[in-house]
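> For reference, the file model.txt (compact mmCIF, C-alpha atoms) is included below:
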# COMPACT_ATOMS: atom_id res chain seq x y z
CA MET A 1 254.70 41.68 300.40
CA SER A 2 254.22 38.47 298.39
CA ALA A 3 253.32 38.60 294.71
CA ALA A 4 249.99 36.85 295.37
CA LEU A 5 249.01 39.35 298.07
CA PHE A 6 249.99 42.29 295.87
CA HIS A 7 247.93 40.87 293.00
CA THR A 8 244.92 40.45 295.30
CA GLY A 9 245.34 44.08 296.36
CA LEU A 10 245.28 45.16 292.71
CA GLU A 11 242.05 43.25 292.16
CA LEU A 12 240.38 44.81 295.22
CA PHE A 13 241.58 48.30 294.26
CA SER A 14 240.24 47.80 290.74
CA GLY A 15 236.89 46.82 292.23
CA VAL A 16 236.85 50.00 294.33
CA LEU A 17 237.36 52.10 291.19
CA VAL A 18 234.55 50.27 289.40
CA GLY A 19 232.14 50.69 292.32
CA PHE A 20 233.05 54.36 292.72
CA THR A 21 232.36 55.02 289.03
CA LEU A 22 229.03 53.19 289.11
CA GLY A 23 227.92 55.16 292.15
CA LEU A 24 229.10 58.45 290.65
CA ILE A 25 227.80 58.27 287.08
CA GLY A 26 225.59 55.16 287.02
CA GLY A 27 227.78 53.67 284.30
CA GLY A 28 231.35 53.28 283.30
CA GLY A 29 231.74 50.21 285.48
CA SER A 30 232.62 48.01 282.54
CA ILE A 31 234.44 50.85 280.83
CA LEU A 32 236.89 50.55 283.72
CA ALA A 33 236.45 46.88 284.64
CA VAL A 34 237.36 45.45 281.25
CA PRO A 35 240.66 47.33 280.73
CA LEU A 36 241.56 46.94 284.43
CA MET A 37 241.13 43.17 284.17
CA VAL A 38 243.04 42.94 280.89
CA TYR A 39 245.83 45.49 281.39
CA LEU A 40 246.29 45.79 285.18
CA VAL A 41 245.17 42.47 286.67
CA GLY A 42 246.49 40.54 283.66
CA VAL A 43 243.51 38.48 282.46
CA SER A 44 244.83 37.02 279.20
CA ASN A 45 241.52 36.07 277.60
CA PRO A 46 239.44 39.15 276.61
CA HIS A 47 236.25 37.09 276.69
CA VAL A 48 236.91 36.06 280.30
CA ALA A 49 237.49 39.73 281.15
CA LEU A 50 234.22 40.69 279.43
CA GLY A 51 232.19 37.95 281.11
CA THR A 52 233.67 38.43 284.57
CA SER A 53 233.29 42.20 284.39
CA ALA A 54 229.63 41.81 283.39
CA LEU A 55 228.93 39.79 286.54
CA ALA A 56 230.91 42.06 288.87
CA VAL A 57 229.38 45.24 287.45
CA ALA A 58 225.84 43.81 287.70
CA VAL A 59 226.21 43.02 291.39
CA ASN A 60 227.92 46.34 292.15
CA ALA A 61 225.12 48.11 290.29
CA LEU A 62 222.58 46.51 292.62
CA VAL A 63 224.52 47.81 295.63
CA SER A 64 224.56 51.33 294.19
CA LEU A 65 220.89 51.05 293.19
CA ALA A 66 219.86 50.41 296.79
CA GLN A 67 221.56 53.63 297.87
CA HIS A 68 220.04 55.68 295.04
CA ALA A 69 216.61 54.24 295.86
CA ARG A 70 216.92 55.51 299.43
CA ALA A 71 217.70 58.97 298.02
CA HIS A 72 214.59 58.77 295.74
CA THR A 73 216.57 59.39 292.52
CA VAL A 74 215.22 56.28 290.73
CA LYS A 75 212.28 56.51 288.28
CA TRP A 76 211.03 52.95 288.54
CA ARG A 77 208.53 52.91 285.64
CA CYS A 78 211.18 54.13 283.19
CA ALA A 79 213.64 51.64 284.62
CA SER A 80 211.27 48.69 284.19
CA ILE A 81 210.47 49.52 280.54
CA TYR A 82 214.10 50.17 279.64
CA ALA A 83 215.42 47.06 281.40
CA SER A 84 212.76 44.63 280.17
CA THR A 85 213.34 45.39 276.48
CA GLY A 86 217.08 45.69 277.00
CA ILE A 87 217.39 42.15 278.38
CA VAL A 88 216.20 40.76 275.04
CA GLY A 89 218.85 42.76 273.22
CA ALA A 90 221.54 41.80 275.73
CA PHE A 91 221.11 38.06 275.14
CA ALA A 92 221.22 38.52 271.36
CA GLY A 93 224.21 40.84 271.56
CA ALA A 94 226.19 38.50 273.81
CA ALA A 95 225.73 35.60 271.38
CA ALA A 96 227.06 37.75 268.54
CA GLY A 97 229.92 39.23 270.57
CA LYS A 98 231.44 35.85 271.46
CA ALA A 99 231.88 35.11 267.75
CA VAL A 100 234.12 38.18 267.25
CA ASP A 101 237.88 38.30 267.90
CA GLY A 102 238.42 39.72 271.40
CA ARG A 103 241.02 42.31 270.34
CA HIS A 104 238.76 43.68 267.62
CA LEU A 105 235.87 43.74 270.11
CA LEU A 106 237.82 45.98 272.51
CA LEU A 107 238.79 48.37 269.71
CA CYS A 108 235.18 48.70 268.54
CA PHE A 109 234.14 49.21 272.15
CA ALA A 110 236.58 52.11 272.54
CA ILE A 111 235.46 53.81 269.31
CA LEU A 112 231.82 53.60 270.40
CA MET A 113 232.76 55.16 273.74
CA ILE A 114 234.26 58.22 272.04
CA GLY A 115 231.05 58.79 270.08
CA VAL A 116 228.95 58.64 273.24
CA GLY A 117 231.32 60.99 275.06
CA ILE A 118 230.96 63.61 272.32
CA ILE A 119 227.17 63.40 272.52
CA MET A 120 227.24 63.85 276.30
CA LEU A 121 229.52 66.90 276.10
CA LYS A 122 227.24 68.58 273.59
CA GLY A 123 224.30 68.27 275.98
CA ARG A 124 226.12 69.03 279.22
CA ARG A 125 224.27 72.33 279.80
CA ASN A 126 220.85 70.71 279.59
CA GLU A 127 219.67 70.24 283.18
CA GLY A 128 216.63 68.17 282.20
CA CYS A 129 213.12 68.13 283.64
CA PRO A 130 212.88 66.86 287.26
CA GLY A 131 209.28 65.79 286.66
CA ALA A 132 210.06 63.74 283.55
CA SER A 133 208.47 60.30 283.52
CA CYS A 134 207.56 57.41 281.24
CA ASN A 135 204.02 57.53 279.86
CA ARG A 136 202.02 56.40 276.83
CA HIS A 137 203.53 59.20 274.76
CA ASN A 138 207.16 58.16 275.16
CA ALA A 139 206.96 54.50 276.28
CA ALA A 140 207.71 53.19 272.77
CA LYS A 141 210.72 55.51 272.48
CA VAL A 142 212.05 54.39 275.88
CA ALA A 143 211.54 50.73 274.90
CA GLY A 144 213.37 51.28 271.61
CA TYR A 145 216.34 52.86 273.33
CA GLY A 146 216.35 50.00 275.83
CA LEU A 147 216.40 47.36 273.10
CA GLY A 148 219.23 49.07 271.22
CA THR A 149 221.28 49.66 274.34
CA GLY A 150 220.81 46.06 275.46
CA LEU A 151 222.02 44.79 272.10
CA LEU A 152 225.22 46.86 272.33
CA SER A 153 225.64 45.98 276.01
CA GLY A 154 225.56 42.26 275.31
CA PHE A 155 227.73 42.51 272.20
CA PHE A 156 230.53 44.34 274.03
CA GLY A 157 230.06 42.41 277.30
CA ILE A 158 229.35 45.55 279.34
CA GLY A 159 226.83 46.65 281.93
CA GLY A 160 225.85 49.41 279.52
CA GLY A 161 225.50 52.32 281.92
CA PHE A 162 227.52 54.68 279.76
CA LEU A 163 224.92 54.07 277.04
CA ILE A 164 221.87 53.84 279.30
CA VAL A 165 222.34 57.22 280.99
CA PRO A 166 222.36 59.20 277.72
CA GLY A 167 219.61 56.91 276.40
CA LEU A 168 217.33 57.73 279.34
CA ILE A 169 218.06 61.44 279.00
CA ALA A 170 217.35 61.37 275.25
CA SER A 171 214.12 59.38 275.55
CA THR A 172 212.60 61.10 278.62
CA GLY A 173 214.41 64.40 279.25
CA MET A 174 215.11 63.54 282.90
CA PRO A 175 218.03 65.19 284.80
CA ILE A 176 221.33 63.32 284.82
CA LEU A 177 221.14 62.46 288.55
CA ASN A 178 217.80 60.70 287.96
CA ALA A 179 219.22 59.03 284.85
CA VAL A 180 222.18 57.81 286.91
CA GLY A 181 219.96 56.25 289.57
CA THR A 182 217.43 54.85 287.09
CA SER A 183 220.14 53.42 284.84
CA LEU A 184 221.36 51.10 287.57
CA VAL A 185 218.25 48.92 287.21
CA ALA A 186 219.07 48.34 283.56
CA VAL A 187 222.83 48.06 284.23
CA SER A 188 222.25 45.21 286.67
CA ALA A 189 219.71 43.52 284.37
CA PHE A 190 221.90 43.80 281.27
CA GLY A 191 225.00 42.74 283.17
CA LEU A 192 223.35 39.66 284.66
CA SER A 193 221.92 38.68 281.25
CA THR A 194 225.33 39.02 279.63
CA ALA A 195 227.06 37.24 282.54
CA VAL A 196 224.72 34.24 282.28
CA SER A 197 225.52 33.89 278.59
CA TYR A 198 229.27 34.08 279.22
CA MET A 199 228.98 31.76 282.25
CA LEU A 200 227.36 29.05 280.11
CA SER A 201 230.41 29.29 277.83
CA GLY A 202 232.85 29.06 280.77
CA TYR A 203 234.04 32.68 280.55
CA ILE A 204 233.71 33.67 284.25
CA ASP A 205 236.62 33.92 286.74
CA TRP A 206 234.67 33.53 289.98
CA GLN A 207 237.48 34.45 292.38
CA LEU A 208 238.25 37.65 290.46
CA ALA A 209 234.55 38.52 290.28
CA GLY A 210 234.26 38.14 294.06
CA LEU A 211 237.15 40.51 294.74
CA PHE A 212 235.79 43.09 292.29
CA ILE A 213 232.39 42.91 293.97
CA LEU A 214 233.89 43.30 297.45
CA GLY A 215 235.94 46.34 296.46
CA GLY A 216 233.07 47.76 294.44
CA ALA A 217 230.67 47.76 297.39
CA ALA A 218 233.00 50.09 299.28
CA GLY A 219 233.67 52.32 296.28
CA SER A 220 229.99 52.80 295.47
CA VAL A 221 229.28 54.48 298.81
CA VAL A 222 231.85 57.19 298.12
CA GLY A 223 230.79 57.54 294.49
CA ILE A 224 227.13 58.22 295.29
CA ARG A 225 228.00 60.88 297.84
CA ARG A 226 230.19 62.60 295.27
CA ALA A 227 227.46 62.39 292.61
CA ARG A 228 224.97 64.24 294.82
CA HIS A 229 227.51 67.00 295.38
CA MET A 230 228.45 67.35 291.68
CA ALA A 231 224.80 67.34 290.56
CA LYS A 232 224.38 70.72 292.28
CA SER A 233 226.83 72.29 289.80
CA LYS A 234 225.39 72.69 286.30
CA GLY A 235 227.02 70.36 283.78
CA SER A 236 229.83 69.15 286.05
CA LEU A 237 228.57 65.59 286.44
CA THR A 238 227.94 65.22 282.70
CA THR A 239 231.35 66.68 281.87
CA PHE A 240 233.06 64.26 284.24
CA PHE A 241 231.08 61.41 282.68
CA ALA A 242 232.44 62.32 279.23
CA ILE A 243 236.02 62.81 280.45
CA VAL A 244 236.09 59.31 281.95
CA ILE A 245 234.87 57.88 278.66
CA PHE A 246 237.47 59.73 276.57
CA ALA A 247 240.40 58.87 278.85
CA VAL A 248 239.73 55.14 278.97
CA ALA A 249 238.77 54.92 275.28
CA ILE A 250 242.04 56.52 274.18
CA TYR A 251 244.02 54.15 276.40
CA MET A 252 242.15 51.11 275.07
CA ILE A 253 242.69 52.17 271.45
CA TRP A 254 246.42 52.63 272.10
CA GLN A 255 246.68 49.19 273.74
CA GLY A 256 244.57 47.58 271.03
CA LEU A 257 246.66 48.98 268.19
CA ARG A 258 249.85 47.82 269.93
CA SER A 259 248.56 44.24 270.06
CA LEU A 260 247.59 44.05 266.37
Have the structure of the file written as structure tokens, please.

Amino acid sequence: MSAALFHTGLELFSGVLVGFTLGLIGGGGSILAVPLMVYLVGVSNPHVALGTSALAVAVNALVSLAQHARAHTVKWRCASIYASTGIVGAFAGAAAGKAVDGRHLLLCFAILMIGVGIIMLKGRRNEGCPGASCNRHNAAKVAGYGLGTGLLSGFFGIGGGFLIVPGLIASTGMPILNAVGTSLVAVSAFGLSTAVSYMLSGYIDWQLAGLFILGGAAGSVVGIRRARHMAKSKGSLTTFFAIVIFAVAIYMIWQGLRSL
């Protein structure tokens, strides 16, 4: 097998992992995409990895969203409020993120992930309210969470799903499976907003993005099927969500400290 073919295989396989994670937990696409691009595929510029991952994750999120929509696990009103305010934050965050050293950006990203993972583990036994929705009583709270999540999403160059899912749960009390499906609207919106900003600065590898998207489409189908199965077991989907965050965060911190 030639080196070029092997490298292409790595890129496709990485895309499958990203798509599977998006379908399974509605987030984590960029949590995996960024370190996979930097440490496995070998993208030397962290900003290119961040921009390319934002585009690939956004498109893969749309693929997963279509499947969740068919399963009626998307709360569209909540999604529209969260995404619309989040887009504003994503553009502002992306502008700020590009001014920060890429290595420091990845370290801060990993530390933030650990904090979110701890919060998710603490609430893993909370099944949520299936009838939860966005109304005049909580619309401002949902919008506030959306704005804050979008800001962080753009700053770290991520789709933001690992922040959006807990944000939706905290602001509405919906079950995690609904939060997973609903989050994909915001993930795609945030990712596209961030990707446009990075694209205008020339930080997109189009060939790599295409391979990640192709692999991700296949991975998302399997991920969504697994999510439906895990959602039947109390706390298992949330626990898995947190474990993924911890594992990748620890690896990124280790790599980041080695490069300093």
> Between CA of Leu257 in chain A and CA of Phe6 in chain A, what is the distance in Å, rounded to a tenth?
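Computing it gives 28.7 Å between the two atoms.
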> Hey, which of A:Met120, A:Leu214, A:Val221, A:Ala247 ends up closest to Ser14 in chain A? Count all atoms listed in the file.
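Using all atoms listed in the file, the shortest distance to Ser14 in chain A belongs to A:Leu214.
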> When distances are computed from only C-alpha atoms, which of A:Gly131, A:Gly210, A:Gly23, A:Gly51 shows the smallest separation from Ala95 in chain A?
A:Gly51
> Here is a test: counting all atoms listed in the file, which residue of A:Leu151, A:Leu32, A:Val222, A:Val244 is nearest to Gly93 in chain A?
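Nearest to Gly93 in chain A: A:Leu151.
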> Quote the spacing between CA of Gly19 in chain A and CA of Ala209 in chain A in Å to one decimal place.
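It comes out at 12.6 Å.
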> Under the rule that only C-alpha atoms are counted, which of A:Ile169, A:Ala61, A:Val248, A:Ile119 is the nearest residue to Tyr39 in chain A?
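When distances to Tyr39 in chain A are compared using only C-alpha atoms, the smallest one comes from A:Val248.
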> Which of these, A:Val180, A:Tyr198, A:Pro166, A:Ile81, has the shortest distance to Asn135 in chain A once you count only C-alpha atoms?
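Among A:Val180, A:Tyr198, A:Pro166, A:Ile81, it is A:Ile81 that comes nearest to Asn135 in chain A.
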> Extract, using all atoms listed in the file, all DNA, RNA and protein residues at most 12 Å from Gly144 in chain A, discarding same-chain residues fewer than 5 positions from it, and format them as a list in words.
Ile81, Tyr82, Ala83, Ser84, Thr85, Gly86, Val88, Gly89, Asn138, Ala139, Thr149, Gly150, Leu151, Ile164, Gly167, Leu168, Ala170 and Ser171 of chain A
